[in-house]
Amino acid sequence: MQTMTININEKFTLTNLDTALSLRPFINFLKKSLKHDSSLKDKLTAFLLEKLEQFPELEGDVPLENLDKYRDVLELIFVSMSNVTEDETRLPWALGMPLRPLFVYGTDAFQKLMVDTKNSKLKKAVVEGGEEMMRQRNLRIAYTFILERIYNFAPFHKNEIIHSFIDEETGLLRHLKINIDTRFIEVIPVGEVPDLSAITATGHIDEDHGFEKLERVLPLHLFKFRGMSVVTISDETAKYAVETIKNTMVNLHRKEEDKCHHDVTRSLKTLVQNDAIDFNVTPLFRINEKLVLPHMHELRSVMMGDNTEECSSGAARSAYQAFAEEFIRNPRSLIYKTISTKEAKLYPFLSACTRTGVQSFIVLPLYYNNNLAGMLEIYTRKPGILDEKVLALLEPAYPVLAQLVQLSIDDFDSAIDGVIREKFTSLQPAVQWKFNEAAWNYLQEVEYNGKGKIETVGFESVYPLYGAVDIRNSTIERNRAQLSDLQDQFAILLETLQAVKKQYNLALTDEMIYKCRKWKSTLDDSLTPHSEVKLTDFLEKEAVSFLKHFKLTHPGSAGIVEKYFAAIEEMTGSVWTNRRQLEESMQSVNTAVNNYLDLMKDELQQSYPCYFERFRTDGVEYDIYIGQTIAPQKPFDILYLKNLRLWQISSMAAIAKITHGLLPKLSKPLQTTQLIFIHSNTIDISFRNDERRFDAEGGYNIRYQVIKKRIDKVHVADTNERLTQPGKIALVYFNRRDADEYISHIQYLQEQGILLNDLEFLDLEELQGVAGLKALRVGINLEYDQEAA
């Protein structure tokens, strides 16, 4: 502790300011806080008052030249205001004059912060700042005191100032928080206190424009300021450095990547207060869990060298990728305070560092949500300055840096996903990896050439499995429902027209009744497409137009006409009842089938990844593709295919049982048929961007697609019997060897009681361009209880 005379800048001091150092406000504060009890704090307060009473002159204006003889008292004041364990060599603390930047007593740390030890002059950073800005700040502080203490106004500002400056030693930005304790300053009016009602009637002063008015009606010479200010300074550099990185994250954009890197690096240098230490913050981008080095993000690493040519070379990128892949497999802190010649020869990445003059090198993993997101490189070409202290100073920044690299990763992943959504469709996990690679290749080509062509995604030599669950006679049922509804519609229309004729005798009504009866009589015959169009035209145009016009010209007929319009309302009208009931029943059946397949689809992926695609028809169809090319990382075995074929038969039996159980609940009883196409050879498939689905490639492979589309209504040879029948599973094949495996699966399911012992071997009729088809057909035990079994 020491007495001092540090006047930051006297020219900033306000003129006509009557101010003096006095301990009277402090002594009054102590007297008010004295409780006269046995507490240790009260005893300390009493002891301090006893010491101050020995120097009654301290309650008056204290001459600054006499301060040395009060050193003991001043030190007691410091002790009473600070923690007993506080190290005064590290705490900048001082006593100053009221409302003047003049400090008279303080800690060594305060002296060191303010004064250059080499020349005993104030540091440049302490006095820098605009004269007008400093004057306005002092003016605001002075009038804040006057308005608070004399006029009971709310304060304009907090008693703290953030002072940012460039440190002369490091050349880096520093931020100091100056906290001013003004409790021990009193304002004493000289004469009568002026009335401020002319300035404001709202209880507050406009801070931006009020001081000029105050200077005119409330000059400072009307007041005296007595007491002392207590100043404490804390270093907020770390906090503001981290805040700068956070702000950089908010403004992160690819076009500003260089500026982002510069801002983050400067913030980290500020954090460690050493301009000789450099940093690289590197995200780890992955495609299918493999590291990639995208050109869309500039790769910054000391291991890549200093010059652009070296950084872009294939050898440098390959060396860096090898290091990064090993780091991903085994993430840990790598610390080389001094890179030895032996280490440089042993590790290629250290050799790359030493070629650019790096003396010390540290790599730290950056984790986001417990997942490795990137790396922080810390390096210097000046030996002996990288140590544990530097790492400790960087700790506040680690979470923010991890979030920063994760933002870059999210941006990269979004770019990949954007290509997939635009060029492909919603994809299954089993094949997502292939589309990821195609999207990545597309982005790389765009980056290099300014434009790109999306590649065809395909899989070679996969085993296809096809199944179809069809609603029996769906077309017949739909025609039947439509015919029934049309009969009801014509009956209501005829009734409406006759009611109109009864009340309003119009010759045109007779003609409409005639046409209505004629059309109704034709419903018993099968409608041709041409006659169906004409019928629809009569109902939707002619009849409706007549009734609407009649209602308009004869308002009294509204009750008669509205009955017909209510009946033809598609969602609620009575003439749509049969079609609505059919659609609801079909939807119930298809929903039950889809729910079962969705449940089973997830289970199938657990054994081996496969592509499962479902199509909506009057029933449900599906394609399944399985093979080594779909999951290159997992060895494929024919056992997975056999397991899938067994599932195919058992699932068809389960679906038939589910739909059979729905019959009592359906408005229109519907039955389903189950069909499987057996194809033992592999095919090649590719994704068709126009249809957003996979399809077969090549002449032989396309034949597979043609056959499966034509067998749904195939008949047994030399009969009119459809192959597919309710309560049965039909399996179509070419060669007996193709069917042998399925036969063994059927026999197993027959022993389990799931299938009936009625297996049929059938020849099928010749289809267009397809001859020699055969089929298996087996009944399903619809009463089978799996739980009882």
# chains A, B, ... in the order shown; residues from 1 in each chain; ligands from 1
>>> select_by_dssp(residues="range 261-421 of chain A", states="strand (DSSP E or B)", output="NGL selection string")
:A and (277-283 or 285-287 or 290-292 or 334-336 or 360-368 or 371-380)
>>> write_last_selection(atoms="N, CA and C atoms", output="tab-separated table (two decimals), in the first residue's frame")
chain	number	residue	atom	x	y	z
A	277	ILE	N	1.46	-16.44	-29.92
A	277	ILE	CA	0.79	-17.74	-29.97
A	277	ILE	C	-0.29	-17.69	-31.04
A	278	ASP	N	-0.31	-18.70	-31.92
A	278	ASP	CA	-1.28	-18.76	-33.01
A	278	ASP	C	-2.24	-19.92	-32.80
A	279	PHE	N	-3.37	-19.82	-33.52
A	279	PHE	CA	-4.43	-20.81	-33.32
A	279	PHE	C	-5.08	-21.17	-34.66
A	280	ASN	N	-5.54	-22.40	-34.76
A	280	ASN	CA	-6.41	-22.85	-35.85
A	280	ASN	C	-7.56	-23.64	-35.23
A	281	VAL	N	-8.76	-23.27	-35.60
A	281	VAL	CA	-9.96	-24.00	-35.14
A	281	VAL	C	-10.52	-24.74	-36.35
A	282	THR	N	-10.51	-26.07	-36.30
A	282	THR	CA	-10.82	-26.88	-37.48
A	282	THR	C	-12.00	-27.81	-37.22
A	283	PRO	N	-13.11	-27.67	-37.98
A	283	PRO	CA	-14.20	-28.65	-37.89
A	283	PRO	C	-13.78	-29.97	-38.54
A	285	PHE	N	-15.36	-32.66	-40.76
A	285	PHE	CA	-16.53	-32.98	-41.57
A	285	PHE	C	-16.51	-34.47	-41.91
A	286	ARG	N	-17.69	-35.09	-41.87
A	286	ARG	CA	-17.78	-36.53	-42.15
A	286	ARG	C	-18.89	-36.81	-43.15
A	287	ILE	N	-18.64	-37.79	-44.01
A	287	ILE	CA	-19.65	-38.38	-44.88
A	287	ILE	C	-19.66	-39.86	-44.59
A	290	LYS	N	-16.98	-41.09	-42.41
A	290	LYS	CA	-15.62	-40.99	-42.94
A	290	LYS	C	-15.25	-39.51	-43.07
A	291	LEU	N	-14.02	-39.16	-42.70
A	291	LEU	CA	-13.55	-37.79	-42.76
A	291	LEU	C	-13.42	-37.34	-44.21
A	292	VAL	N	-13.91	-36.12	-44.51
A	292	VAL	CA	-13.71	-35.51	-45.83
A	292	VAL	C	-13.18	-34.10	-45.61
A	334	LEU	N	-2.77	-33.57	-27.44
A	334	LEU	CA	-1.38	-33.79	-27.86
A	334	LEU	C	-0.59	-32.53	-27.54
A	335	ILE	N	0.38	-32.64	-26.64
A	335	ILE	CA	1.12	-31.47	-26.17
A	335	ILE	C	2.61	-31.66	-26.42
A	336	TYR	N	3.19	-30.80	-27.23
A	336	TYR	CA	4.62	-30.82	-27.51
A	336	TYR	C	5.16	-29.41	-27.20
A	360	SER	N	6.66	-25.10	-30.78
A	360	SER	CA	5.77	-25.76	-29.82
A	360	SER	C	4.42	-25.96	-30.48
A	361	PHE	N	3.77	-27.10	-30.16
A	361	PHE	CA	2.54	-27.47	-30.86
A	361	PHE	C	1.62	-28.23	-29.92
A	362	ILE	N	0.34	-27.82	-29.89
A	362	ILE	CA	-0.66	-28.50	-29.06
A	362	ILE	C	-1.92	-28.71	-29.91
A	363	VAL	N	-2.50	-29.89	-29.83
A	363	VAL	CA	-3.79	-30.18	-30.47
A	363	VAL	C	-4.75	-30.63	-29.38
A	364	LEU	N	-5.91	-29.96	-29.31
A	364	LEU	CA	-6.92	-30.30	-28.31
A	364	LEU	C	-8.22	-30.70	-29.01
A	365	PRO	N	-8.89	-31.75	-28.53
A	365	PRO	CA	-10.19	-32.11	-29.12
A	365	PRO	C	-11.28	-31.16	-28.64
A	366	LEU	N	-12.21	-30.84	-29.53
A	366	LEU	CA	-13.35	-30.01	-29.18
A	366	LEU	C	-14.62	-30.86	-29.24
A	367	TYR	N	-15.29	-30.98	-28.12
A	367	TYR	CA	-16.47	-31.83	-28.02
A	367	TYR	C	-17.74	-30.98	-27.97
A	368	TYR	N	-18.73	-31.39	-28.75
A	368	TYR	CA	-20.05	-30.76	-28.69
A	368	TYR	C	-21.07	-31.85	-28.37
A	371	ASN	N	-19.74	-35.34	-28.35
A	371	ASN	CA	-19.28	-35.89	-29.62
A	371	ASN	C	-18.14	-35.03	-30.16
A	372	LEU	N	-17.10	-35.69	-30.68
A	372	LEU	CA	-15.96	-34.96	-31.23
A	372	LEU	C	-16.41	-34.15	-32.44
A	373	ALA	N	-16.24	-32.84	-32.38
A	373	ALA	CA	-16.69	-31.96	-33.46
A	373	ALA	C	-15.53	-31.32	-34.22
A	374	GLY	N	-14.39	-31.14	-33.56
A	374	GLY	CA	-13.29	-30.48	-34.24
A	374	GLY	C	-12.01	-30.50	-33.42
A	375	MET	N	-11.03	-29.75	-33.89
A	375	MET	CA	-9.72	-29.69	-33.23
A	375	MET	C	-9.32	-28.23	-33.04
A	376	LEU	N	-8.62	-27.98	-31.95
A	376	LEU	CA	-8.01	-26.67	-31.71
A	376	LEU	C	-6.50	-26.85	-31.76
A	377	GLU	N	-5.86	-26.20	-32.74
A	377	GLU	CA	-4.40	-26.22	-32.83
A	377	GLU	C	-3.85	-24.96	-32.17
A	378	ILE	N	-2.88	-25.15	-31.30
A	378	ILE	CA	-2.19	-24.04	-30.64
A	378	ILE	C	-0.70	-24.20	-30.96
A	379	TYR	N	-0.08	-23.18	-31.51
A	379	TYR	CA	1.33	-23.33	-31.89
A	379	TYR	C	2.04	-21.99	-31.81
A	380	THR	N	3.36	-22.05	-31.73
A	380	THR	CA	4.18	-20.83	-31.68
A	380	THR	C	5.55	-21.10	-32.27
>>> residues_around(residues="Tyr742 in chain A", least_positions_apart="4", cutoff="9 Å", atoms="only C-alpha atoms", output="CSV table (one decimal) with N, CA and C atoms, in the first residue's frame")
chain,number,residue,atom,x,y,z
A,642,LYS,N,-32.5,-66.0,-47.4
A,642,LYS,CA,-33.4,-67.1,-47.0
A,642,LYS,C,-34.3,-66.6,-45.8
A,645,ARG,N,-37.0,-64.5,-47.3
A,645,ARG,CA,-38.0,-65.2,-48.1
A,645,ARG,C,-39.0,-66.0,-47.1
A,646,LEU,N,-38.4,-66.5,-46.0
A,646,LEU,CA,-39.3,-67.1,-45.0
A,646,LEU,C,-40.3,-66.0,-44.4
A,649,ILE,N,-43.3,-65.2,-46.7
A,649,ILE,CA,-44.5,-66.1,-46.7
A,649,ILE,C,-45.2,-65.9,-45.4
A,678,ILE,N,-41.4,-65.1,-57.3
A,678,ILE,CA,-40.1,-65.7,-57.0
A,678,ILE,C,-39.1,-65.4,-58.1
A,731,LEU,N,-47.7,-68.1,-55.3
A,731,LEU,CA,-46.3,-67.8,-55.5
A,731,LEU,C,-46.0,-68.1,-56.9
A,738,ASP,N,-36.2,-72.6,-58.6
A,738,ASP,CA,-36.5,-71.4,-57.9
A,738,ASP,C,-37.5,-71.5,-56.8
A,746,ILE,N,-42.7,-73.3,-46.9
A,746,ILE,CA,-44.1,-73.6,-46.7
A,746,ILE,C,-44.3,-74.8,-45.9
A,747,GLN,N,-43.5,-75.9,-46.1
A,747,GLN,CA,-43.7,-77.1,-45.3
A,747,GLN,C,-43.4,-76.8,-43.8
>>> closest_residue(among="A:Ile166, A:Glu57, A:Leu597, A:Asn66", to="Lys124 in chain A", atoms="only C-alpha atoms")
A:Ile166
>>> select_by_dssp(residues="range 593-780 of chain A", states="alpha helix (DSSP H)", output="PyMOL selection string")
chain A and resi 593-607+638-662+699-710+736-751
>>> residues_around(residues="Asp18 in chain A", least_positions_apart="2", cutoff="8 Å", atoms="only C-alpha atoms", output="list in words")
Asn16, Ala20, His221, Phe223, Lys224 and Phe225 of chain A
>>> residues_around(residues="Glu236 in chain A", least_positions_apart="3", cutoff="10 Å", atoms="only C-alpha atoms", output="short mmCIF file (atom, residue, chain, number, x, y, z; two decimals) with N, CA and C atoms, in the first residue's frame")
data_model
loop_
_atom_site.label_atom_id
_atom_site.label_comp_id
_atom_site.auth_asym_id
_atom_site.auth_seq_id
_atom_site.Cartn_x
_atom_site.Cartn_y
_atom_site.Cartn_z
N ILE A 162 -16.39 0.37 -18.40
CA ILE A 162 -15.55 -0.60 -19.11
C ILE A 162 -14.55 0.19 -19.96
N HIS A 163 -13.28 -0.02 -19.66
CA HIS A 163 -12.22 0.69 -20.39
C HIS A 163 -11.48 -0.32 -21.26
N SER A 164 -11.59 -0.15 -22.58
CA SER A 164 -10.93 -1.05 -23.53
C SER A 164 -9.75 -0.31 -24.16
N ARG A 174 -7.27 -5.19 -24.33
CA ARG A 174 -7.61 -5.56 -22.95
C ARG A 174 -8.87 -4.79 -22.54
N HIS A 175 -9.61 -5.39 -21.63
CA HIS A 175 -10.84 -4.79 -21.14
C HIS A 175 -10.80 -4.77 -19.62
N LEU A 176 -10.85 -3.56 -19.05
CA LEU A 176 -10.86 -3.42 -17.59
C LEU A 176 -12.20 -2.86 -17.14
N LYS A 177 -12.74 -3.42 -16.06
CA LYS A 177 -13.97 -2.89 -15.48
C LYS A 177 -13.59 -2.05 -14.27
N ILE A 178 -13.93 -0.78 -14.33
CA ILE A 178 -13.62 0.17 -13.25
C ILE A 178 -14.89 0.39 -12.43
N ILE A 233 -10.54 -2.10 -9.71
CA ILE A 233 -10.42 -2.45 -11.14
C ILE A 233 -10.27 -3.96 -11.27
N LYS A 239 -13.64 -12.51 -20.39
CA LYS A 239 -15.08 -12.47 -20.64
C LYS A 239 -15.39 -11.86 -22.00
N TYR A 240 -14.75 -10.73 -22.32
CA TYR A 240 -15.03 -10.04 -23.57
C TYR A 240 -14.46 -10.79 -24.77
N ALA A 241 -13.35 -11.50 -24.58
CA ALA A 241 -12.79 -12.30 -25.67
C ALA A 241 -13.75 -13.42 -26.06
N LEU A 271 -7.19 -13.61 -25.17
CA LEU A 271 -7.47 -14.43 -23.99
C LEU A 271 -6.19 -14.85 -23.28
#
>>> residues_around(residues="His660 in chain A", least_positions_apart="3", cutoff="12 Å", atoms="only C-alpha atoms", output="PDB file with N, CA and C atoms, in the first residue's frame")
ATOM      1  N   ILE A 471     -56.965 -56.110 -52.898  1.00  0.00           N
ATOM      2  CA  ILE A 471     -58.358 -56.249 -52.455  1.00  0.00           C
ATOM      3  C   ILE A 471     -59.140 -56.956 -53.548  1.00  0.00           C
ATOM      4  N   SER A 588     -59.444 -48.860 -44.416  1.00  0.00           N
ATOM      5  CA  SER A 588     -59.215 -49.633 -43.187  1.00  0.00           C
ATOM      6  C   SER A 588     -58.321 -50.834 -43.464  1.00  0.00           C
ATOM      7  N   VAL A 589     -58.604 -51.543 -44.571  1.00  0.00           N
ATOM      8  CA  VAL A 589     -57.794 -52.716 -44.932  1.00  0.00           C
ATOM      9  C   VAL A 589     -56.359 -52.294 -45.233  1.00  0.00           C
ATOM     10  N   ALA A 592     -54.362 -51.233 -42.154  1.00  0.00           N
ATOM     11  CA  ALA A 592     -53.938 -52.384 -41.350  1.00  0.00           C
ATOM     12  C   ALA A 592     -52.728 -53.075 -41.983  1.00  0.00           C
ATOM     13  N   VAL A 593     -52.749 -53.221 -43.313  1.00  0.00           N
ATOM     14  CA  VAL A 593     -51.621 -53.862 -44.015  1.00  0.00           C
ATOM     15  C   VAL A 593     -50.372 -52.993 -43.898  1.00  0.00           C
ATOM     16  N   ALA A 653     -49.217 -64.617 -44.620  1.00  0.00           N
ATOM     17  CA  ALA A 653     -50.197 -65.349 -43.812  1.00  0.00           C
ATOM     18  C   ALA A 653     -50.738 -64.461 -42.695  1.00  0.00           C
ATOM     19  N   ALA A 654     -49.826 -63.704 -42.077  1.00  0.00           N
ATOM     20  CA  ALA A 654     -50.244 -62.814 -40.987  1.00  0.00           C
ATOM     21  C   ALA A 654     -51.174 -61.711 -41.498  1.00  0.00           C
ATOM     22  N   ILE A 655     -50.840 -61.149 -42.674  1.00  0.00           N
ATOM     23  CA  ILE A 655     -51.668 -60.086 -43.253  1.00  0.00           C
ATOM     24  C   ILE A 655     -53.057 -60.616 -43.595  1.00  0.00           C
ATOM     25  N   ALA A 656     -53.122 -61.814 -44.188  1.00  0.00           N
ATOM     26  CA  ALA A 656     -54.422 -62.408 -44.523  1.00  0.00           C
ATOM     27  C   ALA A 656     -55.269 -62.597 -43.273  1.00  0.00           C
ATOM     28  N   LYS A 657     -54.648 -63.032 -42.200  1.00  0.00           N
ATOM     29  CA  LYS A 657     -55.372 -63.234 -40.947  1.00  0.00           C
ATOM     30  C   LYS A 657     -55.873 -61.894 -40.383  1.00  0.00           C
ATOM     31  N   LEU A 663     -63.253 -58.174 -41.225  1.00  0.00           N
ATOM     32  CA  LEU A 663     -64.514 -58.315 -41.957  1.00  0.00           C
ATOM     33  C   LEU A 663     -65.748 -57.866 -41.165  1.00  0.00           C
ATOM     34  N   PRO A 664     -65.910 -58.274 -39.892  1.00  0.00           N
ATOM     35  CA  PRO A 664     -67.122 -57.859 -39.152  1.00  0.00           C
ATOM     36  C   PRO A 664     -67.184 -56.342 -38.906  1.00  0.00           C
ATOM     37  N   LYS A 665     -66.053 -55.661 -38.997  1.00  0.00           N
ATOM     38  CA  LYS A 665     -66.004 -54.230 -38.685  1.00  0.00           C
ATOM     39  C   LYS A 665     -66.173 -53.350 -39.914  1.00  0.00           C
ATOM     40  N   LEU A 666     -66.155 -53.932 -41.121  1.00  0.00           N
ATOM     41  CA  LEU A 666     -66.172 -53.151 -42.346  1.00  0.00           C
ATOM     42  C   LEU A 666     -67.596 -52.883 -42.819  1.00  0.00           C
ATOM     43  N   PRO A 669     -67.876 -55.536 -46.711  1.00  0.00           N
ATOM     44  CA  PRO A 669     -66.945 -56.653 -46.491  1.00  0.00           C
ATOM     45  C   PRO A 669     -66.001 -56.814 -47.687  1.00  0.00           C
ATOM     46  N   LEU A 670     -64.709 -56.766 -47.395  1.00  0.00           N
ATOM     47  CA  LEU A 670     -63.694 -56.905 -48.437  1.00  0.00           C
ATOM     48  C   LEU A 670     -62.707 -57.991 -48.044  1.00  0.00           C
ATOM     49  N   GLN A 671     -62.319 -58.780 -49.041  1.00  0.00           N
ATOM     50  CA  GLN A 671     -61.317 -59.824 -48.812  1.00  0.00           C
ATOM     51  C   GLN A 671     -60.048 -59.480 -49.585  1.00  0.00           C
ATOM     52  N   THR A 672     -58.915 -60.007 -49.117  1.00  0.00           N
ATOM     53  CA  THR A 672     -57.641 -59.739 -49.784  1.00  0.00           C
ATOM     54  C   THR A 672     -57.060 -61.014 -50.366  1.00  0.00           C
ATOM     55  N   THR A 673     -56.251 -60.825 -51.424  1.00  0.00           N
ATOM     56  CA  THR A 673     -55.466 -61.920 -51.989  1.00  0.00           C
ATOM     57  C   THR A 673     -53.991 -61.604 -51.787  1.00  0.00           C
ATOM     58  N   PRO A 726     -58.859 -65.352 -52.170  1.00  0.00           N
ATOM     59  CA  PRO A 726     -58.874 -64.980 -50.752  1.00  0.00           C
ATOM     60  C   PRO A 726     -58.516 -66.179 -49.871  1.00  0.00           C
ATOM     61  N   GLY A 727     -57.784 -65.897 -48.802  1.00  0.00           N
ATOM     62  CA  GLY A 727     -57.425 -66.960 -47.865  1.00  0.00           C
ATOM     63  C   GLY A 727     -56.293 -67.837 -48.347  1.00  0.00           C
ATOM     64  N   LYS A 728     -55.628 -67.454 -49.433  1.00  0.00           N
ATOM     65  CA  LYS A 728     -54.536 -68.250 -49.973  1.00  0.00           C
ATOM     66  C   LYS A 728     -53.347 -67.345 -50.329  1.00  0.00           C
ATOM     67  N   ILE A 780     -54.265 -70.560 -46.103  1.00  0.00           N
ATOM     68  CA  ILE A 780     -53.818 -69.958 -44.837  1.00  0.00           C
ATOM     69  C   ILE A 780     -54.768 -70.378 -43.734  1.00  0.00           C
ATOM     70  N   ASN A 781     -54.241 -70.804 -42.636  1.00  0.00           N
ATOM     71  CA  ASN A 781     -55.064 -71.160 -41.476  1.00  0.00           C
ATOM     72  C   ASN A 781     -55.514 -69.866 -40.796  1.00  0.00           C
ATOM     73  N   LEU A 782     -56.694 -69.394 -41.167  1.00  0.00           N
ATOM     74  CA  LEU A 782     -57.182 -68.116 -40.659  1.00  0.00           C
ATOM     75  C   LEU A 782     -57.591 -68.195 -39.195  1.00  0.00           C
ATOM     76  N   GLU A 783     -57.664 -69.406 -38.651  1.00  0.00           N
ATOM     77  CA  GLU A 783     -58.018 -69.564 -37.238  1.00  0.00           C
ATOM     78  C   GLU A 783     -56.784 -69.781 -36.364  1.00  0.00           C
ATOM     79  N   TYR A 784     -55.604 -69.704 -36.981  1.00  0.00           N
ATOM     80  CA  TYR A 784     -54.364 -69.954 -36.227  1.00  0.00           C
ATOM     81  C   TYR A 784     -54.177 -68.910 -35.135  1.00  0.00           C
TER      82      TYR A 784
END
>>> residues_around(residues="Ala415 in chain A", least_positions_apart="4", cutoff="10 Å", atoms="only C-alpha atoms", output="list in words")
Ile409, Asp410, Asp411, Val419, Ile420, Arg421, Ala439, Trp440 and Leu443 of chain A
>>> residues_around(residues="range 759-773 of chain A", least_positions_apart="5", cutoff="10 Å", atoms="only C-alpha atoms", output="PyMOL selection string")
chain A and resi 703+706-707+710-711+714-720+722-723+728-735+743+746-747+750+778-779
>>> closest_residue(among="A:Arg71, A:Tyr640, A:Arg183, A:Lys43", to="Ile27 in chain A", atoms="only C-alpha atoms")
A:Arg183
>>> closest_residue(among="A:Gly458, A:Gly661, A:Gly106, A:Gly357", to="Asn689 in chain A", atoms="only C-alpha atoms")
A:Gly458
>>> closest_residue(among="A:Val84, A:Lys382, A:Phe184, A:Gln633", to="Glu289 in chain A", atoms="only C-alpha atoms")
A:Gln633
>>> closest_atom_pairs(of="range 222-307 of chain A", to="range 385-394 of chain A", cutoff="10 Å", atoms="only C-alpha atoms", output="JSON lines")
{"residue": "A:Ala238", "atom": "CA", "partner": "A:Leu393", "partner_atom": "CA", "distance": 8.0}
{"residue": "A:Val242", "atom": "CA", "partner": "A:Leu394", "partner_atom": "CA", "distance": 9.5}
{"residue": "A:Leu268", "atom": "CA", "partner": "A:Leu394", "partner_atom": "CA", "distance": 7.3}
{"residue": "A:Lys269", "atom": "CA", "partner": "A:Leu394", "partner_atom": "CA", "distance": 9.5}
{"residue": "A:Leu271", "atom": "CA", "partner": "A:Leu393", "partner_atom": "CA", "distance": 6.5}
{"residue": "A:Val272", "atom": "CA", "partner": "A:Leu393", "partner_atom": "CA", "distance": 5.8}
{"residue": "A:Gln273", "atom": "CA", "partner": "A:Leu393", "partner_atom": "CA", "distance": 9.2}
{"residue": "A:Asn274", "atom": "CA", "partner": "A:Ile385", "partner_atom": "CA", "distance": 8.8}
{"residue": "A:Ala276", "atom": "CA", "partner": "A:Ile385", "partner_atom": "CA", "distance": 8.5}
{"residue": "A:Ile277", "atom": "CA", "partner": "A:Leu386", "partner_atom": "CA", "distance": 7.8}
>>> write_last_selection(atoms="N, CA and C atoms", output="short mmCIF file (atom, residue, chain, number, x, y, z; two decimals), in the first residue's frame")
data_model
loop_
_atom_site.label_atom_id
_atom_site.label_comp_id
_atom_site.auth_asym_id
_atom_site.auth_seq_id
_atom_site.Cartn_x
_atom_site.Cartn_y
_atom_site.Cartn_z
N ALA A 238 -10.93 -11.80 -20.47
CA ALA A 238 -11.36 -13.15 -20.83
C ALA A 238 -12.84 -13.17 -21.19
N VAL A 242 -14.32 -14.08 -25.05
CA VAL A 242 -15.30 -15.15 -25.31
C VAL A 242 -16.55 -14.57 -25.96
N LEU A 268 -8.62 -15.29 -29.22
CA LEU A 268 -7.85 -16.28 -28.47
C LEU A 268 -6.50 -15.70 -28.04
N LYS A 269 -5.88 -14.93 -28.91
CA LYS A 269 -4.63 -14.25 -28.53
C LYS A 269 -4.89 -13.30 -27.36
N LEU A 271 -7.19 -13.61 -25.17
CA LEU A 271 -7.47 -14.43 -23.99
C LEU A 271 -6.19 -14.85 -23.28
N VAL A 272 -5.17 -15.22 -24.05
CA VAL A 272 -3.90 -15.65 -23.45
C VAL A 272 -2.91 -14.48 -23.33
N GLN A 273 -3.29 -13.30 -23.87
CA GLN A 273 -2.46 -12.10 -23.82
C GLN A 273 -1.04 -12.35 -24.33
N ASN A 274 -1.00 -13.00 -25.51
CA ASN A 274 0.30 -13.25 -26.11
C ASN A 274 0.12 -13.32 -27.62
N ALA A 276 2.32 -13.88 -29.81
CA ALA A 276 3.23 -14.84 -30.44
C ALA A 276 2.62 -16.24 -30.53
N ILE A 277 1.46 -16.44 -29.92
CA ILE A 277 0.79 -17.74 -29.97
C ILE A 277 -0.29 -17.69 -31.04
#
